[in-house]
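Read through the structure below, which is laid out as structure tokens, and then see the notes.
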Protein chains: 2
Amino acid sequence: MTISQPVEAKRKRALSARAQATRQRVFDAAEKVFAERGFDGATIREIATEAGEPVGTIHHHGGGKELLFQRTVARRAETLSAKRLEALEQVLSTGAPSLEDVLGAFIRPFFELSAESPRWRDYARLVAYVSVDARWVDVVKECFDTVVELFISAISDLLPGRSRQQIVEGFVYSVSAMLALLTSQERIMSLSVKRQVERTQVDHLIRFCAAGFRVEGSMA
Amino acid sequence: MTISQPVEAKRKRALSARAQATRQRVFDAAEKVFAERGFDGATIREIATEAGEPVGTIHHHGGGKELLFQRTVARRAETLSAKRLEALEQVLSTGAPSLEDVLGAFIRPFFELSAESPRWRDYARLVAYVSVDARWVDVVKECFDTVVELFISAISDLLPGRSRQQIVEGFVYSVSAMLALLTSQERIMSLSVKRQVERTQVDHLIRFCAAGFRVEGSMA
DNA sequence: CCTTAGATTGAACGTTTGTTCAAGGTAATC
DNA sequence: GATTACCTTGAACAAACGTTCAATCTAAGG
């Protein structure tokens, strides 16, 4: 017996260019359909139609509906986290960052990506969906908690004396407000006039959250 | 032909005591299951099992899955709206209400009801579910917009000079933060220590939102 | 070249889905 | 007490669901 392979058994073969393109079509379609209909409302067959692939292919690349969903959420998470981390480091390197700077480093990247591509808008809605369903808490933790922890730490440094509990609560409020602006423009619009998320709205959101963080301590 | 009925054809007969009890069992079960699994994840059969009724009864009282869902959302809406309205009038009658008073009149009733009964906690989760899904915007409007309009108006009075757009945005952020506290305690807890929504957390939420509203105008 | 692991395809399977319906039960109304 | 309208019940149905699988094709490794 010749030892033609390392002891660690078999290595995964790399995806061919065609297979890689197929996989991307599958995940793009999954992202769109999951964002529109949620996990339970989406069907493998609708994803297959959207992707222009037969149903078997969805299962082959996705590994079943549940795993496909988790992978779809995870797929863009690293890109988003990297952008946030870069923005945070940029802001911390200035020496004396404001609360608005730090919150902006978390919030702005998502809006920038959303402005670039409708796929990122789908992803935003998907994340909002995931955040409201207790069933995916572990996926959310896996995807985002490392970076969230760094931001919580950075905010704590800016607000000495606040308990971790208070910082976390403020952060949860900020994230839910961010997702509300990312996804429920329709509701804002139906009660108002505008047609699109504008820079001023993101600025408003950031100021709103920063003020909320700062107020802690006053009042009975 | 004797005119035994008014021109307006047939009148609905009142529900018997038994039928009323059955209907309540149906809606209580629907509320619980919809809150746990969402619209698409819930099944009529699980609702039937939860209610201890045969499947046909669910359809009879609910009028089909979609109508049952809408009715389940609407069922408690009036109670909640009435409590909010009462609190708002109470606060406005004092002459010089603070922003915290007005926001508290909107936010506190939901937490008070949640503290009273697990059914209201189910309802809170249901409302959170509904708020994130564009498919139910009309239901949300129908159920809540009248009262929301009054609160927006009251807040506008307290913050003259702010555009309606800004007030609406702030209100949307506040509502999403409120729902986040109502439903995602698990997430707050997993990053923190506590075990229950406490009065101090509701106070914190209200101060957070009020500060966000007030900050508008400063900063570039 | 040959070999072989993976990718592609779509028909088929067993469940579960929301809904329907006809039969029987209950209680208001005259 | 007869009539009538509604409630209750569970079996039955067609459609849609996620998944499986054997056959076929593609292309990388030797």
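Chain labels A, B, ... are given in the sequence in which chains occur in the structure tokens; within each chain residues are numbered consecutively from 1, and ligands are likewise numbered from 1 in the order shown.
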All residues 8 Å or closer to range 1-9 of chain D, only C-alpha atoms (C1' of nucleotides), same chain fewer than 2 positions away omitted, as an mmCIF file with C-alpha atoms (C1' of nucleotides), in the first residue's frame:
```
data_model
loop_
_atom_site.group_PDB
_atom_site.id
_atom_site.type_symbol
_atom_site.label_atom_id
_atom_site.label_comp_id
_atom_site.auth_asym_id
_atom_site.auth_seq_id
_atom_site.Cartn_x
_atom_site.Cartn_y
_atom_site.Cartn_z
ATOM 1 C CA ALA B 19 -70.061 28.570 21.795
ATOM 2 C CA PRO B 54 -61.478 19.208 16.372
ATOM 3 C CA GLY B 56 -63.378 21.782 11.845
ATOM 4 C CA THR B 57 -64.120 23.971 14.844
ATOM 5 C "C1'" DG C 25 -76.176 17.834 18.415
ATOM 6 C "C1'" DT C 26 -77.762 22.077 20.912
#
```
Note to self: Which residues are close to range 68-82 of chain B, i.e. within 6 Å by only C-alpha atoms (C1' of nucleotides), leaving aside same-chain residues fewer than 4 positions away? Reply as a list in words.
What the structure shows: Gly62, Gly64 and Cys143 of chain B
If you keep N, CA and C atoms, can you produce a file of those selected residues as a short mmCIF file (atom, residue, chain, number, x, y, z; two decimals), in the first residue's frame?
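This is the output file part.cif:
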```
data_model
loop_
_atom_site.label_atom_id
_atom_site.label_comp_id
_atom_site.auth_asym_id
_atom_site.auth_seq_id
_atom_site.Cartn_x
_atom_site.Cartn_y
_atom_site.Cartn_z
N GLY B 62 -62.70 30.51 13.14
CA GLY B 62 -61.64 31.37 12.64
C GLY B 62 -61.90 31.90 11.24
N GLY B 64 -60.96 30.31 8.40
CA GLY B 64 -59.77 30.07 7.58
C GLY B 64 -58.53 30.59 8.27
N CYS B 143 -55.38 48.09 13.22
CA CYS B 143 -55.46 47.86 14.66
C CYS B 143 -54.90 49.01 15.50
#
```
Checklist line | Ala105 in chain A surroundings by only C-alpha atoms (C1' of nucleotides), 9 Å radius, close-in-sequence under 5 positions cut, as a list in words | finding: Lys83, Arg84, Leu85, Glu86, Ala87, Leu88, Glu89, Gln90, Val91, Glu100 and Phe151 of chain A
Could you turn the residues from that selection into a file that holds N, CA and C atoms, as a compact mmCIF listing (two decimals), in the first residue's frame?
```
# COMPACT_ATOMS: atom_id res chain seq x y z
N LYS A 83 -16.47 44.89 7.42
CA LYS A 83 -16.67 46.32 7.17
C LYS A 83 -16.87 47.09 8.47
N ARG A 84 -17.63 46.48 9.37
CA ARG A 84 -17.87 47.14 10.66
C ARG A 84 -16.59 47.24 11.47
N LEU A 85 -15.81 46.18 11.43
CA LEU A 85 -14.57 46.15 12.20
C LEU A 85 -13.59 47.19 11.68
N GLU A 86 -13.51 47.27 10.36
CA GLU A 86 -12.63 48.25 9.73
C GLU A 86 -13.04 49.66 10.14
N ALA A 87 -14.35 49.91 10.09
CA ALA A 87 -14.85 51.23 10.46
C ALA A 87 -14.58 51.53 11.92
N LEU A 88 -14.72 50.52 12.77
CA LEU A 88 -14.47 50.72 14.20
C LEU A 88 -13.00 51.06 14.46
N GLU A 89 -12.12 50.31 13.82
CA GLU A 89 -10.69 50.56 14.01
C GLU A 89 -10.31 51.94 13.49
N GLN A 90 -10.85 52.28 12.35
CA GLN A 90 -10.65 53.62 11.76
C GLN A 90 -11.01 54.70 12.77
N VAL A 91 -12.16 54.51 13.39
CA VAL A 91 -12.71 55.51 14.30
C VAL A 91 -11.95 55.55 15.63
N GLU A 100 -21.29 58.84 18.57
CA GLU A 100 -21.84 58.80 17.22
C GLU A 100 -20.89 58.09 16.26
N PHE A 151 -17.92 46.11 19.89
CA PHE A 151 -18.61 47.40 19.90
C PHE A 151 -19.14 47.73 21.31
```
As a compact mmCIF listing (two decimals) with N, CA and C atoms (P, O5', C5', C4', C3', O3' and C1' of nucleotides), in the first residue's frame, could you give me every residue of chain C near chain B (at most 12 Å apart, counting only C-alpha atoms (C1' of nucleotides))?
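The result, written out as result-v6.txt:
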```
# COMPACT_ATOMS: atom_id res chain seq x y z
P DT C 16 -46.25 13.48 9.25
O5' DT C 16 -46.81 14.89 8.75
C5' DT C 16 -45.89 15.84 8.23
C4' DT C 16 -46.66 16.97 7.56
C3' DT C 16 -47.85 17.48 8.39
O3' DT C 16 -47.67 18.87 8.57
C1' DT C 16 -48.46 17.14 6.13
P DT C 17 -48.65 19.74 9.47
O5' DT C 17 -49.44 20.61 8.38
C5' DT C 17 -48.69 21.45 7.49
C4' DT C 17 -49.54 21.88 6.31
C3' DT C 17 -50.92 22.38 6.69
O3' DT C 17 -50.85 23.74 7.03
C1' DT C 17 -50.99 20.98 4.74
P DG C 18 -51.99 24.41 7.92
O5' DG C 18 -53.14 24.76 6.86
C5' DG C 18 -52.82 25.58 5.75
C4' DG C 18 -54.01 25.68 4.82
C3' DG C 18 -55.30 26.20 5.47
O3' DG C 18 -55.98 27.05 4.55
C1' DG C 18 -55.64 23.97 4.68
P DT C 19 -57.38 27.69 4.93
O5' DT C 19 -58.40 26.63 4.33
C5' DT C 19 -58.22 26.19 2.97
C4' DT C 19 -59.23 25.12 2.63
C3' DT C 19 -60.68 25.42 3.05
O3' DT C 19 -61.48 25.51 1.88
C1' DT C 19 -60.06 23.18 3.57
P DT C 20 -63.03 25.89 2.03
O5' DT C 20 -63.73 24.46 1.88
C5' DT C 20 -63.36 23.62 0.80
C4' DT C 20 -64.05 22.26 0.94
C3' DT C 20 -65.57 22.35 1.17
O3' DT C 20 -66.21 21.54 0.20
C1' DT C 20 -64.55 20.90 2.76
P DC C 21 -67.75 21.80 -0.15
O5' DC C 21 -68.42 20.56 0.61
C5' DC C 21 -67.76 19.31 0.59
C4' DC C 21 -68.40 18.37 1.60
C3' DC C 21 -69.86 18.68 1.93
O3' DC C 21 -70.61 17.49 1.91
C1' DC C 21 -68.61 18.50 3.91
P DT C 26 -76.17 17.36 22.61
O5' DT C 26 -76.42 18.92 22.47
C5' DT C 26 -75.35 19.79 22.07
C4' DT C 26 -75.88 21.20 21.98
C3' DT C 26 -76.90 21.57 23.06
O3' DT C 26 -76.53 22.83 23.58
C1' DT C 26 -77.76 22.08 20.91
P DA C 27 -77.06 23.29 25.00
O5' DA C 27 -77.92 24.55 24.59
C5' DA C 27 -77.31 25.57 23.79
C4' DA C 27 -78.37 26.35 23.06
C3' DA C 27 -79.52 26.85 23.92
O3' DA C 27 -79.81 28.17 23.53
C1' DA C 27 -80.37 25.78 22.07
P DA C 28 -79.80 29.37 24.57
O5' DA C 28 -79.65 30.63 23.61
C5' DA C 28 -80.72 31.50 23.43
C4' DA C 28 -81.25 31.42 21.99
C3' DA C 28 -82.57 32.17 21.86
O3' DA C 28 -82.44 33.17 20.86
C1' DA C 28 -82.72 30.00 20.88
P DT C 29 -83.39 34.46 20.97
O5' DT C 29 -84.66 34.07 20.08
C5' DT C 29 -84.48 33.72 18.70
C4' DT C 29 -85.78 33.20 18.11
C3' DT C 29 -87.03 33.96 18.58
O3' DT C 29 -87.75 34.41 17.43
C1' DT C 29 -87.35 31.61 18.75
P DC C 30 -88.86 35.56 17.67
O5' DC C 30 -90.20 34.76 17.33
C5' DC C 30 -90.33 34.11 16.08
C4' DC C 30 -91.34 32.96 16.18
C3' DC C 30 -92.72 33.37 16.67
O3' DC C 30 -93.65 33.29 15.58
C1' DC C 30 -92.00 31.31 17.66
```
Margin query: If I take CA of Val168 in chain B and CA of Ala124 in chain B, how far is one from the other in Å, to one decimal?
Written below: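 Answer for the CA of Val168 in chain B to CA of Ala124 in chain B separation: 21.4 Å.
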Give me the chain A side of the contact with chain B, cut-off 7 Å, one line per residue showing its nearest atom pair and distance in Å at one decimal, counting only C-alpha atoms, sorted by chain and residue number, as JSON lines.
```
{"residue": "A:Asp40", "atom": "CA", "partner": "B:Gly41", "partner_atom": "CA", "distance": 5.3}
{"residue": "A:Gly41", "atom": "CA", "partner": "B:Asp40", "partner_atom": "CA", "distance": 5.3}
{"residue": "A:Tyr129", "atom": "CA", "partner": "B:Val132", "partner_atom": "CA", "distance": 6.8}
{"residue": "A:Val132", "atom": "CA", "partner": "B:Tyr129", "partner_atom": "CA", "distance": 6.8}
{"residue": "A:Gln165", "atom": "CA", "partner": "B:Ser192", "partner_atom": "CA", "distance": 5.9}
{"residue": "A:Val168", "atom": "CA", "partner": "B:Ile188", "partner_atom": "CA", "distance": 6.7}
{"residue": "A:Glu169", "atom": "CA", "partner": "B:Ile188", "partner_atom": "CA", "distance": 6.6}
{"residue": "A:Tyr173", "atom": "CA", "partner": "B:Ala177", "partner_atom": "CA", "distance": 4.6}
{"residue": "A:Ser176", "atom": "CA", "partner": "B:Ser176", "partner_atom": "CA", "distance": 5.8}
{"residue": "A:Ala177", "atom": "CA", "partner": "B:Tyr173", "partner_atom": "CA", "distance": 4.6}
{"residue": "A:Ala180", "atom": "CA", "partner": "B:Ser176", "partner_atom": "CA", "distance": 6.6}
{"residue": "A:Ile188", "atom": "CA", "partner": "B:Glu169", "partner_atom": "CA", "distance": 6.6}
{"residue": "A:Ser192", "atom": "CA", "partner": "B:Gln165", "partner_atom": "CA", "distance": 6.0}
{"residue": "A:Arg207", "atom": "CA", "partner": "B:Gly212", "partner_atom": "CA", "distance": 6.9}
{"residue": "A:Phe208", "atom": "CA", "partner": "B:Gly212", "partner_atom": "CA", "distance": 3.8}
{"residue": "A:Cys209", "atom": "CA", "partner": "B:Gly212", "partner_atom": "CA", "distance": 6.0}
{"residue": "A:Ala211", "atom": "CA", "partner": "B:Gly212", "partner_atom": "CA", "distance": 5.1}
{"residue": "A:Gly212", "atom": "CA", "partner": "B:Phe208", "partner_atom": "CA", "distance": 3.8}
{"residue": "A:Phe213", "atom": "CA", "partner": "B:Phe208", "partner_atom": "CA", "distance": 6.5}
{"residue": "A:Val215", "atom": "CA", "partner": "B:Ala211", "partner_atom": "CA", "distance": 6.2}
```
For N, CA and C atoms, I'd like the residues from the last selection saved as a PDB file, in the first residue's frame.
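Now in again_25.pdb:
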```pdb
ATOM      1  N   ASP A  40     -40.370  29.588   7.103  1.00  0.00           N
ATOM      2  CA  ASP A  40     -41.503  28.675   6.924  1.00  0.00           C
ATOM      3  C   ASP A  40     -42.306  28.977   5.673  1.00  0.00           C
ATOM      4  N   GLY A  41     -42.368  30.246   5.310  1.00  0.00           N
ATOM      5  CA  GLY A  41     -43.142  30.618   4.134  1.00  0.00           C
ATOM      6  C   GLY A  41     -42.440  30.283   2.829  1.00  0.00           C
ATOM      7  N   TYR A 129     -35.672  39.287   9.924  1.00  0.00           N
ATOM      8  CA  TYR A 129     -36.507  38.113  10.143  1.00  0.00           C
ATOM      9  C   TYR A 129     -35.896  37.182  11.192  1.00  0.00           C
ATOM     10  N   VAL A 132     -36.000  38.277  14.981  1.00  0.00           N
ATOM     11  CA  VAL A 132     -37.253  38.277  15.717  1.00  0.00           C
ATOM     12  C   VAL A 132     -37.683  36.868  16.096  1.00  0.00           C
ATOM     13  N   GLN A 165     -25.105  45.728  31.775  1.00  0.00           N
ATOM     14  CA  GLN A 165     -26.539  45.553  31.522  1.00  0.00           C
ATOM     15  C   GLN A 165     -27.129  46.728  30.747  1.00  0.00           C
ATOM     16  N   VAL A 168     -25.741  46.893  27.160  1.00  0.00           N
ATOM     17  CA  VAL A 168     -26.338  45.843  26.315  1.00  0.00           C
ATOM     18  C   VAL A 168     -27.765  46.222  25.926  1.00  0.00           C
ATOM     19  N   GLU A 169     -28.522  46.701  26.894  1.00  0.00           N
ATOM     20  CA  GLU A 169     -29.898  47.108  26.575  1.00  0.00           C
ATOM     21  C   GLU A 169     -29.917  48.192  25.517  1.00  0.00           C
ATOM     22  N   TYR A 173     -31.589  48.021  21.719  1.00  0.00           N
ATOM     23  CA  TYR A 173     -32.524  49.013  21.190  1.00  0.00           C
ATOM     24  C   TYR A 173     -31.998  49.601  19.886  1.00  0.00           C
ATOM     25  N   SER A 176     -32.319  47.103  16.989  1.00  0.00           N
ATOM     26  CA  SER A 176     -33.698  46.925  16.526  1.00  0.00           C
ATOM     27  C   SER A 176     -34.168  48.165  15.768  1.00  0.00           C
ATOM     28  N   ALA A 177     -33.718  49.339  16.201  1.00  0.00           N
ATOM     29  CA  ALA A 177     -34.071  50.560  15.471  1.00  0.00           C
ATOM     30  C   ALA A 177     -33.413  50.568  14.097  1.00  0.00           C
ATOM     31  N   ALA A 180     -35.273  48.317  11.912  1.00  0.00           N
ATOM     32  CA  ALA A 180     -36.553  48.931  11.563  1.00  0.00           C
ATOM     33  C   ALA A 180     -36.391  49.899  10.400  1.00  0.00           C
ATOM     34  N   ILE A 188     -42.748  53.708   7.589  1.00  0.00           N
ATOM     35  CA  ILE A 188     -42.381  55.110   7.737  1.00  0.00           C
ATOM     36  C   ILE A 188     -43.029  55.936   6.628  1.00  0.00           C
ATOM     37  N   SER A 192     -45.871  58.948   6.327  1.00  0.00           N
ATOM     38  CA  SER A 192     -45.156  60.167   6.013  1.00  0.00           C
ATOM     39  C   SER A 192     -45.172  60.438   4.512  1.00  0.00           C
ATOM     40  N   ARG A 207     -27.930  59.616  15.785  1.00  0.00           N
ATOM     41  CA  ARG A 207     -28.063  60.608  16.856  1.00  0.00           C
ATOM     42  C   ARG A 207     -29.091  60.166  17.898  1.00  0.00           C
ATOM     43  N   PHE A 208     -30.177  59.585  17.387  1.00  0.00           N
ATOM     44  CA  PHE A 208     -31.230  59.089  18.279  1.00  0.00           C
ATOM     45  C   PHE A 208     -30.651  58.081  19.271  1.00  0.00           C
ATOM     46  N   CYS A 209     -29.910  57.133  18.765  1.00  0.00           N
ATOM     47  CA  CYS A 209     -29.356  56.085  19.624  1.00  0.00           C
ATOM     48  C   CYS A 209     -28.283  56.636  20.566  1.00  0.00           C
ATOM     49  N   ALA A 211     -28.001  59.598  21.747  1.00  0.00           N
ATOM     50  CA  ALA A 211     -28.644  60.363  22.815  1.00  0.00           C
ATOM     51  C   ALA A 211     -29.240  59.432  23.856  1.00  0.00           C
ATOM     52  N   GLY A 212     -29.825  58.350  23.389  1.00  0.00           N
ATOM     53  CA  GLY A 212     -30.394  57.364  24.302  1.00  0.00           C
ATOM     54  C   GLY A 212     -29.335  56.788  25.224  1.00  0.00           C
ATOM     55  N   PHE A 213     -28.191  56.466  24.660  1.00  0.00           N
ATOM     56  CA  PHE A 213     -27.091  55.948  25.480  1.00  0.00           C
ATOM     57  C   PHE A 213     -26.642  56.963  26.523  1.00  0.00           C
ATOM     58  N   VAL A 215     -28.194  59.498  27.968  1.00  0.00           N
ATOM     59  CA  VAL A 215     -29.093  60.042  28.967  1.00  0.00           C
ATOM     60  C   VAL A 215     -29.030  59.275  30.284  1.00  0.00           C
TER      61      VAL A 215
END
```
Margin query: So the first atom is CA of Phe144 in chain A and the second is CA of Thr22 in chain A; what is the distance between them in Å, to one decimal place?
Written below: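 Result for CA of Phe144 in chain A versus CA of Thr22 in chain A: 27.0 Å, one decimal.
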Item checked: Pairwise distance for CA of Glu50 in chain B and CA of Asp122 in chain B, rounded to one decimal in Å ->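 Value for the CA of Glu50 in chain B-CA of Asp122 in chain B distance: 13.9 Å.
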Next item on the list: Could you tell me which of B:His60, B:Asp28, B:Glu142, B:Ala21 comes closest to chain D if we count only C-alpha atoms (C1' of nucleotides)?
Entry: B:His60
